[in-house]
Amino acid sequence: MIFFPLVAVLVIAGSLHFFADYEKARVARESSESLNVELAQKMIVADIDAVITDLLFLGRYVESQSTTSQHEGAYLKRIGEMFQHFAGQKRMYDQVRMLDVSGREIVRINFNGGSPQIIAAVQLQDKSQRYYFQEANKLESGQVYISPLDLNIEDGELQTPYKPMMRFATPIFDQTGKRKGIVVLNYFGERLINHFRLAAANIADHIELLNEDGYWLSSQRPSDAWGFMFKNGLKYADRYPLEWKYLQEYDHDQIYTDRGLFTFATLSPTSTARRVIELSPDTTVEIRDSVQSSGITWKIVAHLQPWVFGGSVSEFIGQHKILYGSMLLLLVVVAVLLAKARHRYHWAELLQEYDRRFRRTLEDIELAAISVDRKGTATFCNDYFLTITGWQRDEIEGQDWIERCVPETDRPVVRDILRQIDNPLTLPNHYELTVLDRQGGGHLISWNNTLSYDADGRVSGVTAIGEDITEQRQNEEELRKLSRAVEQSPSIVLITNRQGIIEYVNPKFTEITGYSADEVIGKNPNILKSGEKDPQEYAVLWKTIERGEEWHGEFHNRKKNGELFWESASISVIRDNEGEITHYLALKEDITRRKTLEQTVEERNRELANAQALAAMGRMASMVAHDLRNPLSSIKMGWQILGKKYARDRDVRELRDIAQEQIHYMEDILTDLLTYSRPDAIRLEWLSIDRLLDSTLGLIQRQIDILGVVVETNYAAGLPTLPGDPNKLRQAFSNLILNAAQATECNPVKARHIRVETSLQLGDTGTAIHVRIYDNGCGLDPDSIDRFFEPFYTTRAKGTGLGLTIVKQIAMQHGGEVYLSLNEAKGTCAEFILPTRAAGELAAVAVQA
């Protein structure tokens, strides 16, 4: 009666001792597993929060930029540049896209390994058949669609290496409420999985992430992951059927089976997104309808194998058999008391251990962390926070954190946040706040809030974890200033890579050249070349900038519409932090107007000098012709007298004929000189151009016959009469026809042809008659064809060079024009244009001429 009760007490004491040890290990094990599963869950929630916040921000930004007045190209360009900048700053999205209501991509930014790139319009794709577009396009304003986490598929094939991806989408509307399309974020699933494993680093060897169908999204066995993407994928239920059934019935719990300890929690990205939208100030839809997904539910499972537990009965007996055999009743009582004491101590220890673990975790991350109680008194801050602010730990912990570290203007906001901790639904999870350092400076920190609870489950305070984004915001502001300066520059700004491929042009480039940025980015600047610049000059340019020196010069380039323009250019290099040349920068200014003015001034000066020279020559010619005409008349009369006196002398007659021929030649020269230097006023009559040409041909027919030229005429029927001086016009046409006849002397006699044509031309300035005289001669030198109308210019051995000058003078007196051009086949064409103006109007023109 005594022994057996004592034995029973001893057995009970030993059992209590055994179970106390076992229970402590179990509770510690379960707490550790639960804590790490919770941390992993919070990390995933934080990542999804950030993505939903970014998505709603982009949606609101696109809708705010949508106006009916702006140009669609400029609108998409601005959206693309903002998306590009956003992707570069966030570095967490593989693609940032905007699709129109038909499912066509209109803006797409590829992450491109860290160098976000705006995809050209020709590479944009039709996504109308993709599930995420069809689902997202049904949503209303403010709603969000979330796709499952799966492996990316390109062209119907799994992309390798595998790229986990989630797609978040929200619809966008213009200011009139009309649906414009959707904004889609392709979120790097690998980033979420890495954060998940990093948050649960203490149990990384046995924590897993499952989707709603029981397929592994993250596993210690790489072959298990992403089974749903393959036909023969293994499920969690295939390996742990009973455990999976339990996981499906409950959201979070811990269970022991013969397979070990399973600690799990359920995570719904849909619920997380709904909470973010609920807290958004722009929410305009029912919260329960704000998120659409494909029933996404994830299970976070930590599985400890049975052999990890330890603590078997046989081991315990072997360790304590001497103690319990010798201590009997006294030791049994002591064992009972110790067991009870340890059991009471256990819960306090667990709470302290949890607090220590949590703070140790905060010390290990490269983020600022601060814990405050309900009154705003700091109860903890990590070393990283102290490092960036310069405060000592005793200056923060135990002090009023709001008064010490928060600027005065922000204190009401922070106190308002603390007043909301009893209502977690209204407590903002994320916000940006400036924190004062020890020197009085400020650090802009992006905070994420987590509530802290006491042993009774009541909210005891807030723990905020944040990232110092001061430098990031400063860089963003500097980048915005620089971007605005370049975009608004009055000069062309062009940037190429080292191979000369264009990477950027500012709006001034488009304004001047007519090429849009999309048309030239990725191409060489030689698309503007006109071909006028010597290739050697381009070689010198490249050698200069490749040496790192600055090149200055001018280009005569060609716009998109083919128009030529002048630009002054300065090309310099852009270097990286190591001093290596990475790009070339060209600053260019349109100087076409200046060049035109310079050329005009030069031409006017040249024309003035030429006119002065011609006037002087005219005065001299008039003087020479006047002084030589009387002596020449006396010589002519003397030869005529000698000819009559010695009419029977053959030699005298021959000399007389030669002398008279030369005298006639000299008289013609004098007549041309006087006509050029003192042109007579025209005497206008109404003329028929056909009859005028026929009478002119009759007057010079003898000379045409001597040259052996065949003349053809082709007069247009029904030509109107025109006012003109018949004598001057006959002189002009006889000069042109005889010049044409003389030009055919290079051909055999029977092959010399002239064709005279007339036609009527109707133009903006009125009606005119065109007279064209074609010959089949050897033609003229193209380089000197414009000089034939200059006074005293001739290519013949005989002649004054005034014939065509007088023809031009007569044409100007009649308000007309005269040109020389080369025939397509052979010979020259002289074109004489006469306007059919009223006589009074033509007389006024003649006076001006």
# chains A, B, ... in the order shown; residues from 1 in each chain; ligands from 1
>>> residues_around(residues="Asp258 (chain A)", least_positions_apart="3", cutoff="10 Å", atoms="only C-alpha atoms", output="PDB file with C-alpha atoms, in the first residue's frame")
ATOM      1  CA  LEU A 261       4.836  17.676 -38.142  1.00  0.00           C
ATOM      2  CA  GLN A 305      10.224  14.583 -40.510  1.00  0.00           C
ATOM      3  CA  PRO A 306       9.574  12.320 -37.455  1.00  0.00           C
TER       4      PRO A 306
END
>>> select_by_dssp(residues="region 76-121 of chain A", states="strand (DSSP E or B)", output="PyMOL selection string")
chain A and resi 93-100+104-110+117-118
>>> write_last_selection(atoms="all heavy atoms", output="short mmCIF file (atom, residue, chain, number, x, y, z; two decimals), in the first residue's frame")
data_model
loop_
_atom_site.label_atom_id
_atom_site.label_comp_id
_atom_site.auth_asym_id
_atom_site.auth_seq_id
_atom_site.Cartn_x
_atom_site.Cartn_y
_atom_site.Cartn_z
N TYR A 93 9.51 43.94 -62.49
CA TYR A 93 8.53 43.54 -63.50
C TYR A 93 9.24 43.20 -64.80
O TYR A 93 10.07 43.95 -65.30
CB TYR A 93 7.52 44.68 -63.75
CG TYR A 93 6.78 45.08 -62.50
CD1 TYR A 93 7.03 46.30 -61.89
CD2 TYR A 93 5.88 44.22 -61.91
CE1 TYR A 93 6.37 46.67 -60.73
CE2 TYR A 93 5.22 44.57 -60.75
CZ TYR A 93 5.46 45.80 -60.17
OH TYR A 93 4.82 46.17 -59.04
N ASP A 94 8.92 42.02 -65.33
CA ASP A 94 9.49 41.60 -66.60
C ASP A 94 8.95 42.43 -67.75
O ASP A 94 9.67 42.79 -68.67
CB ASP A 94 9.18 40.12 -66.84
CG ASP A 94 9.83 39.60 -68.11
OD1 ASP A 94 11.04 39.82 -68.31
OD2 ASP A 94 9.13 38.99 -68.92
N GLN A 95 7.64 42.77 -67.66
CA GLN A 95 7.02 43.61 -68.68
C GLN A 95 6.01 44.54 -68.02
O GLN A 95 5.35 44.17 -67.04
CB GLN A 95 6.29 42.77 -69.74
CG GLN A 95 7.21 41.96 -70.66
CD GLN A 95 6.41 41.20 -71.71
OE1 GLN A 95 5.20 41.06 -71.63
NE2 GLN A 95 7.12 40.72 -72.73
N VAL A 96 5.94 45.78 -68.56
CA VAL A 96 4.89 46.72 -68.19
C VAL A 96 4.18 47.09 -69.48
O VAL A 96 4.80 47.63 -70.40
CB VAL A 96 5.46 47.98 -67.52
CG1 VAL A 96 4.34 48.92 -67.12
CG2 VAL A 96 6.28 47.60 -66.29
N ARG A 97 2.90 46.79 -69.55
CA ARG A 97 2.21 46.92 -70.85
C ARG A 97 0.89 47.68 -70.71
O ARG A 97 0.29 47.71 -69.63
CB ARG A 97 1.92 45.53 -71.45
CG ARG A 97 3.14 44.72 -71.81
CD ARG A 97 2.79 43.36 -72.32
NE ARG A 97 2.26 42.50 -71.27
CZ ARG A 97 1.68 41.33 -71.48
NH1 ARG A 97 1.49 40.87 -72.69
NH2 ARG A 97 1.26 40.60 -70.47
N MET A 98 0.50 48.23 -71.86
CA MET A 98 -0.83 48.85 -71.99
C MET A 98 -1.46 48.29 -73.26
O MET A 98 -0.86 48.35 -74.34
CB MET A 98 -0.70 50.37 -72.08
CG MET A 98 -2.03 51.08 -72.25
SD MET A 98 -1.79 52.88 -72.26
CE MET A 98 -3.44 53.41 -72.71
N LEU A 99 -2.63 47.68 -73.12
CA LEU A 99 -3.36 47.08 -74.23
C LEU A 99 -4.63 47.89 -74.49
O LEU A 99 -5.25 48.40 -73.56
CB LEU A 99 -3.75 45.63 -73.93
CG LEU A 99 -2.67 44.54 -74.06
CD1 LEU A 99 -1.56 44.76 -73.05
CD2 LEU A 99 -3.26 43.15 -73.90
N ASP A 100 -4.98 48.01 -75.78
CA ASP A 100 -6.23 48.70 -76.08
C ASP A 100 -7.40 47.74 -75.94
O ASP A 100 -7.23 46.56 -75.56
CB ASP A 100 -6.18 49.32 -77.50
CG ASP A 100 -6.01 48.27 -78.59
OD1 ASP A 100 -6.29 47.08 -78.34
OD2 ASP A 100 -5.59 48.63 -79.68
N ARG A 104 -4.81 44.60 -78.40
CA ARG A 104 -3.54 44.91 -79.07
C ARG A 104 -2.65 45.71 -78.13
O ARG A 104 -3.08 46.66 -77.50
CB ARG A 104 -3.79 45.73 -80.34
CG ARG A 104 -2.54 46.07 -81.14
CD ARG A 104 -2.01 44.87 -81.84
NE ARG A 104 -0.77 45.16 -82.58
CZ ARG A 104 -0.09 44.27 -83.27
NH1 ARG A 104 -0.51 43.03 -83.35
NH2 ARG A 104 1.01 44.61 -83.91
N GLU A 105 -1.38 45.28 -78.04
CA GLU A 105 -0.42 46.05 -77.24
C GLU A 105 -0.18 47.40 -77.91
O GLU A 105 0.12 47.46 -79.11
CB GLU A 105 0.92 45.31 -77.13
CG GLU A 105 0.85 44.04 -76.33
CD GLU A 105 2.18 43.30 -76.29
OE1 GLU A 105 3.00 43.50 -77.21
OE2 GLU A 105 2.41 42.53 -75.36
N ILE A 106 -0.30 48.48 -77.15
CA ILE A 106 0.02 49.80 -77.69
C ILE A 106 1.23 50.41 -77.00
O ILE A 106 1.85 51.31 -77.52
CB ILE A 106 -1.20 50.74 -77.61
CG1 ILE A 106 -1.72 50.82 -76.17
CG2 ILE A 106 -2.29 50.30 -78.52
CD1 ILE A 106 -2.88 51.79 -76.00
N VAL A 107 1.56 49.90 -75.83
CA VAL A 107 2.82 50.28 -75.15
C VAL A 107 3.34 49.02 -74.45
O VAL A 107 2.57 48.33 -73.77
CB VAL A 107 2.59 51.39 -74.10
CG1 VAL A 107 3.91 51.67 -73.37
CG2 VAL A 107 2.10 52.66 -74.76
N ARG A 108 4.61 48.73 -74.63
CA ARG A 108 5.20 47.60 -73.90
C ARG A 108 6.64 47.92 -73.52
O ARG A 108 7.42 48.37 -74.36
CB ARG A 108 5.18 46.33 -74.74
CG ARG A 108 5.64 45.10 -73.92
CD ARG A 108 5.51 43.79 -74.69
NE ARG A 108 6.68 43.50 -75.48
CZ ARG A 108 6.67 42.89 -76.65
NH1 ARG A 108 5.53 42.53 -77.19
NH2 ARG A 108 7.78 42.67 -77.31
N ILE A 109 6.95 47.70 -72.28
CA ILE A 109 8.31 47.90 -71.77
C ILE A 109 8.84 46.54 -71.35
O ILE A 109 8.24 45.86 -70.53
CB ILE A 109 8.34 48.87 -70.56
CG1 ILE A 109 7.60 50.17 -70.88
CG2 ILE A 109 9.77 49.14 -70.15
CD1 ILE A 109 8.17 50.94 -72.04
N ASN A 110 9.95 46.11 -71.94
CA ASN A 110 10.64 44.89 -71.52
C ASN A 110 11.74 45.25 -70.53
O ASN A 110 12.50 46.20 -70.75
CB ASN A 110 11.23 44.16 -72.72
CG ASN A 110 10.16 43.45 -73.52
OD1 ASN A 110 9.00 43.38 -73.11
ND2 ASN A 110 10.51 42.90 -74.66
N GLN A 117 13.45 48.70 -71.91
CA GLN A 117 13.42 49.12 -73.31
C GLN A 117 11.98 49.27 -73.79
O GLN A 117 11.14 48.43 -73.53
CB GLN A 117 14.14 48.06 -74.16
CG GLN A 117 14.14 48.37 -75.66
CD GLN A 117 14.80 47.27 -76.45
OE1 GLN A 117 15.02 46.18 -75.94
NE2 GLN A 117 15.08 47.53 -77.69
N ILE A 118 11.73 50.41 -74.48
CA ILE A 118 10.41 50.62 -75.10
C ILE A 118 10.39 49.84 -76.41
O ILE A 118 11.23 50.03 -77.28
CB ILE A 118 10.16 52.11 -75.36
CG1 ILE A 118 10.21 52.90 -74.05
CG2 ILE A 118 8.82 52.31 -76.04
CD1 ILE A 118 10.05 54.39 -74.23
#
>>> select_by_dssp(residues="region 421-622 of chain A", states="helix (DSSP H, G or I)", output="short mmCIF file (atom, residue, chain, number, x, y, z; two decimals) with N, CA, C and O atoms, in the first residue's frame")
data_model
loop_
_atom_site.label_atom_id
_atom_site.label_comp_id
_atom_site.auth_asym_id
_atom_site.auth_seq_id
_atom_site.Cartn_x
_atom_site.Cartn_y
_atom_site.Cartn_z
N THR A 470 15.76 58.19 -49.73
CA THR A 470 16.11 59.61 -49.91
C THR A 470 16.89 59.82 -51.20
O THR A 470 16.55 60.66 -52.05
N GLU A 471 17.94 59.04 -51.36
CA GLU A 471 18.78 59.21 -52.56
C GLU A 471 18.01 58.85 -53.82
O GLU A 471 18.15 59.50 -54.85
N GLN A 472 17.15 57.83 -53.71
CA GLN A 472 16.34 57.43 -54.86
C GLN A 472 15.43 58.57 -55.32
O GLN A 472 15.33 58.86 -56.51
N ARG A 473 14.77 59.24 -54.36
CA ARG A 473 13.89 60.34 -54.72
C ARG A 473 14.68 61.53 -55.27
O ARG A 473 14.24 62.20 -56.21
N GLN A 474 15.86 61.79 -54.71
CA GLN A 474 16.70 62.88 -55.23
C GLN A 474 17.13 62.60 -56.66
O GLN A 474 17.10 63.48 -57.52
N ASN A 475 17.52 61.35 -56.89
CA ASN A 475 17.92 60.97 -58.25
C ASN A 475 16.75 61.08 -59.22
O ASN A 475 16.92 61.51 -60.37
N GLU A 476 15.58 60.70 -58.75
CA GLU A 476 14.39 60.81 -59.62
C GLU A 476 14.12 62.27 -59.96
O GLU A 476 13.78 62.59 -61.11
N GLU A 477 14.27 63.17 -58.98
CA GLU A 477 14.02 64.59 -59.24
C GLU A 477 15.05 65.17 -60.19
O GLU A 477 14.72 65.93 -61.11
N GLU A 478 16.33 64.80 -59.98
CA GLU A 478 17.37 65.28 -60.90
C GLU A 478 17.13 64.76 -62.31
O GLU A 478 17.33 65.47 -63.29
N LEU A 479 16.72 63.50 -62.38
CA LEU A 479 16.45 62.92 -63.69
C LEU A 479 15.29 63.62 -64.37
O LEU A 479 15.32 63.87 -65.58
N ARG A 480 14.26 63.98 -63.59
CA ARG A 480 13.12 64.71 -64.17
C ARG A 480 13.55 66.07 -64.69
O ARG A 480 13.13 66.51 -65.77
N LYS A 481 14.40 66.77 -63.92
CA LYS A 481 14.86 68.09 -64.36
C LYS A 481 15.66 67.97 -65.65
O LYS A 481 15.47 68.74 -66.60
N LEU A 482 16.60 67.01 -65.66
CA LEU A 482 17.42 66.83 -66.85
C LEU A 482 16.57 66.45 -68.05
O LEU A 482 16.75 66.95 -69.16
N SER A 483 15.60 65.57 -67.82
CA SER A 483 14.73 65.14 -68.91
C SER A 483 13.94 66.31 -69.47
O SER A 483 13.82 66.46 -70.69
N ARG A 484 13.39 67.16 -68.57
CA ARG A 484 12.63 68.32 -69.06
C ARG A 484 13.52 69.29 -69.83
O ARG A 484 13.10 69.86 -70.84
N ALA A 485 14.76 69.48 -69.34
CA ALA A 485 15.67 70.41 -70.03
C ALA A 485 15.97 69.93 -71.44
O ALA A 485 15.97 70.70 -72.40
N VAL A 486 16.22 68.62 -71.59
CA VAL A 486 16.55 68.07 -72.91
C VAL A 486 15.32 68.10 -73.80
O VAL A 486 15.39 68.45 -74.98
N GLU A 487 14.16 67.72 -73.24
CA GLU A 487 12.94 67.67 -74.04
C GLU A 487 12.54 69.06 -74.54
O GLU A 487 12.01 69.20 -75.63
N PRO A 507 12.29 66.17 -78.95
CA PRO A 507 11.20 66.62 -79.86
C PRO A 507 11.67 67.59 -80.92
O PRO A 507 11.08 67.66 -82.00
N LYS A 508 12.73 68.38 -80.64
CA LYS A 508 13.22 69.34 -81.64
C LYS A 508 13.71 68.62 -82.89
O LYS A 508 13.59 69.11 -84.01
N PHE A 509 14.29 67.41 -82.71
CA PHE A 509 14.73 66.62 -83.84
C PHE A 509 13.55 66.30 -84.76
O PHE A 509 13.63 66.44 -85.98
N THR A 510 12.45 65.87 -84.14
CA THR A 510 11.25 65.54 -84.93
C THR A 510 10.71 66.78 -85.64
O THR A 510 10.30 66.73 -86.79
N GLU A 511 10.72 67.91 -84.92
CA GLU A 511 10.21 69.16 -85.50
C GLU A 511 11.01 69.57 -86.72
O GLU A 511 10.45 70.02 -87.72
N ILE A 512 12.32 69.42 -86.68
CA ILE A 512 13.19 69.88 -87.78
C ILE A 512 13.21 68.87 -88.92
O ILE A 512 13.04 69.22 -90.09
N THR A 513 13.43 67.57 -88.61
CA THR A 513 13.64 66.57 -89.66
C THR A 513 12.37 65.92 -90.17
O THR A 513 12.34 65.38 -91.27
N ALA A 517 10.63 59.79 -83.20
CA ALA A 517 11.64 59.05 -82.44
C ALA A 517 11.59 57.56 -82.78
O ALA A 517 12.63 56.91 -82.94
N ASP A 518 10.39 56.99 -82.92
CA ASP A 518 10.27 55.57 -83.22
C ASP A 518 10.87 55.23 -84.58
O ASP A 518 11.35 54.11 -84.79
N GLU A 519 10.86 56.19 -85.49
CA GLU A 519 11.38 55.93 -86.84
C GLU A 519 12.89 55.91 -86.90
O GLU A 519 13.47 55.29 -87.78
N VAL A 520 13.56 56.58 -85.97
CA VAL A 520 15.02 56.69 -86.05
C VAL A 520 15.76 55.93 -84.97
O VAL A 520 16.93 55.59 -85.14
N PRO A 525 22.48 57.64 -87.93
CA PRO A 525 22.15 59.01 -88.36
C PRO A 525 22.34 59.25 -89.85
O PRO A 525 21.91 60.29 -90.36
N ASN A 526 22.98 58.30 -90.56
CA ASN A 526 23.19 58.54 -92.00
C ASN A 526 21.90 58.51 -92.80
O ASN A 526 21.91 58.73 -94.01
N ILE A 527 20.76 58.21 -92.15
CA ILE A 527 19.49 58.32 -92.86
C ILE A 527 19.19 59.76 -93.25
O ILE A 527 18.35 60.01 -94.10
N LEU A 528 19.91 60.72 -92.61
CA LEU A 528 19.72 62.13 -92.93
C LEU A 528 20.69 62.61 -94.02
O LEU A 528 20.57 63.74 -94.48
N PRO A 535 33.08 61.85 -98.01
CA PRO A 535 33.27 60.77 -97.03
C PRO A 535 34.52 60.97 -96.17
O PRO A 535 34.56 60.52 -95.03
N GLN A 536 35.52 61.66 -96.72
CA GLN A 536 36.73 61.90 -95.94
C GLN A 536 36.44 62.76 -94.72
O GLN A 536 37.06 62.59 -93.65
N GLU A 537 35.47 63.69 -94.86
CA GLU A 537 35.12 64.54 -93.73
C GLU A 537 34.47 63.72 -92.63
O GLU A 537 34.69 63.96 -91.44
N TYR A 538 33.64 62.71 -93.01
CA TYR A 538 33.05 61.83 -92.00
C TYR A 538 34.13 61.01 -91.31
O TYR A 538 34.05 60.74 -90.10
N ALA A 539 35.15 60.59 -92.06
CA ALA A 539 36.24 59.82 -91.45
C ALA A 539 36.97 60.66 -90.40
O ALA A 539 37.32 60.18 -89.31
N VAL A 540 37.19 61.94 -90.72
CA VAL A 540 37.85 62.84 -89.75
C VAL A 540 36.97 63.01 -88.52
O VAL A 540 37.45 63.03 -87.38
N LEU A 541 35.66 63.14 -88.73
CA LEU A 541 34.72 63.28 -87.61
C LEU A 541 34.85 62.10 -86.65
O LEU A 541 34.99 62.27 -85.44
N TRP A 542 34.80 60.86 -87.21
CA TRP A 542 34.85 59.67 -86.35
C TRP A 542 36.19 59.55 -85.62
O TRP A 542 36.23 59.17 -84.45
N LYS A 543 37.27 59.89 -86.30
CA LYS A 543 38.58 59.82 -85.64
C LYS A 543 38.64 60.80 -84.48
O LYS A 543 39.22 60.52 -83.43
N THR A 544 38.03 61.97 -84.67
CA THR A 544 38.06 62.99 -83.61
C THR A 544 37.31 62.53 -82.37
O THR A 544 37.82 62.59 -81.25
N ILE A 545 36.06 62.05 -82.55
CA ILE A 545 35.27 61.69 -81.37
C ILE A 545 35.74 60.37 -80.76
O ILE A 545 35.59 60.16 -79.56
N GLU A 546 36.34 59.48 -81.57
CA GLU A 546 36.87 58.24 -80.99
C GLU A 546 38.08 58.51 -80.11
O GLU A 546 38.40 57.72 -79.22
N THR A 592 19.66 76.78 -91.61
CA THR A 592 19.26 76.91 -93.01
C THR A 592 18.95 78.36 -93.36
O THR A 592 19.38 78.87 -94.41
N ARG A 593 18.24 79.06 -92.50
CA ARG A 593 17.88 80.46 -92.77
C ARG A 593 19.13 81.33 -92.86
O ARG A 593 19.24 82.17 -93.76
N ARG A 594 20.07 81.10 -91.96
CA ARG A 594 21.29 81.89 -92.00
C ARG A 594 22.07 81.63 -93.28
O ARG A 594 22.59 82.55 -93.92
N LYS A 595 22.14 80.33 -93.68
CA LYS A 595 22.85 79.98 -94.92
C LYS A 595 22.17 80.62 -96.13
O LYS A 595 22.84 81.09 -97.04
N THR A 596 20.84 80.60 -96.12
CA THR A 596 20.10 81.18 -97.25
C THR A 596 20.37 82.68 -97.35
O THR A 596 20.57 83.21 -98.46
N LEU A 597 20.37 83.36 -96.21
CA LEU A 597 20.64 84.80 -96.21
C LEU A 597 22.06 85.08 -96.71
O LEU A 597 22.28 86.02 -97.48
N GLU A 598 23.02 84.27 -96.26
CA GLU A 598 24.40 84.46 -96.72
C GLU A 598 24.50 84.27 -98.22
O GLU A 598 25.19 85.03 -98.92
N GLN A 599 23.82 83.22 -98.73
CA GLN A 599 23.87 82.95 -100.16
C GLN A 599 23.19 84.06 -100.95
O GLN A 599 23.68 84.48 -102.01
N THR A 600 22.07 84.57 -100.42
CA THR A 600 21.35 85.66 -101.10
C THR A 600 22.22 86.91 -101.19
O THR A 600 22.29 87.57 -102.23
N VAL A 601 22.87 87.24 -100.08
CA VAL A 601 23.75 88.43 -100.06
C VAL A 601 24.88 88.25 -101.06
O VAL A 601 25.23 89.19 -101.80
N GLU A 602 25.45 87.04 -101.10
CA GLU A 602 26.56 86.80 -102.02
C GLU A 602 26.10 86.93 -103.48
O GLU A 602 26.80 87.53 -104.30
N GLU A 603 24.90 86.35 -103.77
CA GLU A 603 24.40 86.44 -105.15
C GLU A 603 24.08 87.89 -105.52
O GLU A 603 24.37 88.33 -106.65
N ARG A 604 23.49 88.67 -104.58
CA ARG A 604 23.19 90.07 -104.88
C ARG A 604 24.46 90.86 -105.16
O ARG A 604 24.51 91.71 -106.07
N ASN A 605 25.49 90.62 -104.37
CA ASN A 605 26.76 91.32 -104.58
C ASN A 605 27.36 90.96 -105.93
O ASN A 605 27.89 91.83 -106.65
N ARG A 606 27.25 89.65 -106.27
CA ARG A 606 27.80 89.24 -107.55
C ARG A 606 27.02 89.85 -108.71
O ARG A 606 27.59 90.29 -109.72
N GLU A 607 25.65 89.87 -108.60
CA GLU A 607 24.83 90.47 -109.65
C GLU A 607 25.09 91.95 -109.78
O GLU A 607 25.13 92.50 -110.90
N LEU A 608 25.28 92.65 -108.65
CA LEU A 608 25.56 94.09 -108.70
C LEU A 608 26.88 94.37 -109.41
O LEU A 608 26.97 95.27 -110.25
N ALA A 609 27.90 93.56 -109.05
CA ALA A 609 29.20 93.75 -109.70
C ALA A 609 29.10 93.48 -111.19
O ALA A 609 29.68 94.20 -112.02
N ASN A 610 28.34 92.41 -111.55
CA ASN A 610 28.19 92.06 -112.96
C ASN A 610 27.43 93.15 -113.71
O ASN A 610 27.78 93.53 -114.83
N ALA A 611 26.37 93.71 -113.06
CA ALA A 611 25.60 94.77 -113.71
C ALA A 611 26.44 96.01 -113.94
O ALA A 611 26.36 96.69 -114.97
N GLN A 612 27.28 96.35 -112.95
CA GLN A 612 28.14 97.52 -113.10
C GLN A 612 29.15 97.33 -114.23
O GLN A 612 29.41 98.25 -115.02
N ALA A 613 29.67 96.09 -114.31
CA ALA A 613 30.65 95.82 -115.38
C ALA A 613 29.98 95.88 -116.75
O ALA A 613 30.53 96.44 -117.71
N LEU A 614 28.74 95.31 -116.83
CA LEU A 614 28.05 95.32 -118.11
C LEU A 614 27.66 96.74 -118.52
O LEU A 614 27.67 97.10 -119.71
N ALA A 615 27.27 97.56 -117.55
CA ALA A 615 26.92 98.94 -117.87
C ALA A 615 28.13 99.68 -118.44
O ALA A 615 28.03 100.47 -119.40
N ALA A 616 29.29 99.44 -117.84
CA ALA A 616 30.51 100.10 -118.32
C ALA A 616 30.83 99.64 -119.74
O ALA A 616 31.19 100.44 -120.62
N MET A 617 30.66 98.29 -119.95
CA MET A 617 30.94 97.79 -121.30
C MET A 617 29.95 98.35 -122.31
O MET A 617 30.29 98.64 -123.45
N GLY A 618 28.67 98.52 -121.89
CA GLY A 618 27.67 99.08 -122.79
C GLY A 618 28.01 100.50 -123.20
O GLY A 618 27.86 100.87 -124.37
N ARG A 619 28.43 101.30 -122.21
CA ARG A 619 28.79 102.68 -122.55
C ARG A 619 29.98 102.71 -123.50
O ARG A 619 30.03 103.51 -124.44
N MET A 620 30.95 101.83 -123.26
CA MET A 620 32.12 101.80 -124.14
C MET A 620 31.71 101.35 -125.54
O MET A 620 32.17 101.89 -126.56
N ALA A 621 30.81 100.31 -125.62
CA ALA A 621 30.38 99.81 -126.91
C ALA A 621 29.64 100.89 -127.68
O ALA A 621 29.81 101.05 -128.90
N SER A 622 28.80 101.67 -127.01
CA SER A 622 28.07 102.74 -127.68
C SER A 622 29.02 103.77 -128.26
O SER A 622 28.86 104.24 -129.38
#
>>> closest_residue(among="A:Val144, A:Ile581, A:Ala87, A:Val9", to="Thr272 (chain A)", atoms="only C-alpha atoms")
A:Val144
>>> closest_atom_pairs(of="region 354-450 of chain A", to="region 35-55 of chain A", cutoff="9 Å", atoms="only C-alpha atoms", output="Markdown table")
| residue | atom | partner | partner_atom | distance |
| --- | --- | --- | --- | --- |
| A:Tyr354 | CA | A:Leu35 | CA | 8.0 |
| A:Phe358 | CA | A:Leu35 | CA | 8.7 |
| A:Asn429 | CA | A:Asp49 | CA | 8.7 |
| A:His430 | CA | A:Ala50 | CA | 8.7 |
| A:Asn448 | CA | A:Ala46 | CA | 8.2 |
>>> residues_around(residues="Pro835 (chain A)", least_positions_apart="6", cutoff="7 Å", atoms="only C-alpha atoms", output="list in words")
Thr767, Ala768, Ile769, Gly815 and Gly816 of chain A
>>> residues_around(residues="Leu834 (chain A)", least_positions_apart="6", cutoff="10 Å", atoms="only C-alpha atoms", output="PyMOL selection string")
chain A and resi 689+722-724+760-761+767-771+811-812+814-818
>>> residues_around(residues="Phe230 (chain A)", least_positions_apart="4", cutoff="10 Å", atoms="only C-alpha atoms", output="VMD selection string")
chain A and resid 158 226 234
>>> residues_around(residues="region 59-68 of chain A", least_positions_apart="3", cutoff="12 Å", atoms="only C-alpha atoms", output="PyMOL selection string")
chain A and resi 52-56+71-83+86+96-99+107+141-144+168-185+280-283
>>> atom_distance(atom1="CA of Lys235 (chain A)", atom2="CA of Tyr132 (chain A)")
25.0 Å
>>> decode(residues="region 106-112 of chain A", atoms="C-alpha atoms", output="mmCIF file, in the first residue's frame")
data_model
loop_
_atom_site.group_PDB
_atom_site.id
_atom_site.type_symbol
_atom_site.label_atom_id
_atom_site.label_comp_id
_atom_site.auth_asym_id
_atom_site.auth_seq_id
_atom_site.Cartn_x
_atom_site.Cartn_y
_atom_site.Cartn_z
ATOM 1 C CA ILE A 106 0.015 49.801 -77.693
ATOM 2 C CA VAL A 107 2.815 50.280 -75.150
ATOM 3 C CA ARG A 108 5.200 47.600 -73.900
ATOM 4 C CA ILE A 109 8.311 47.902 -71.769
ATOM 5 C CA ASN A 110 10.641 44.895 -71.520
ATOM 6 C CA PHE A 111 12.877 44.733 -68.423
ATOM 7 C CA ASN A 112 15.709 43.633 -70.713
#
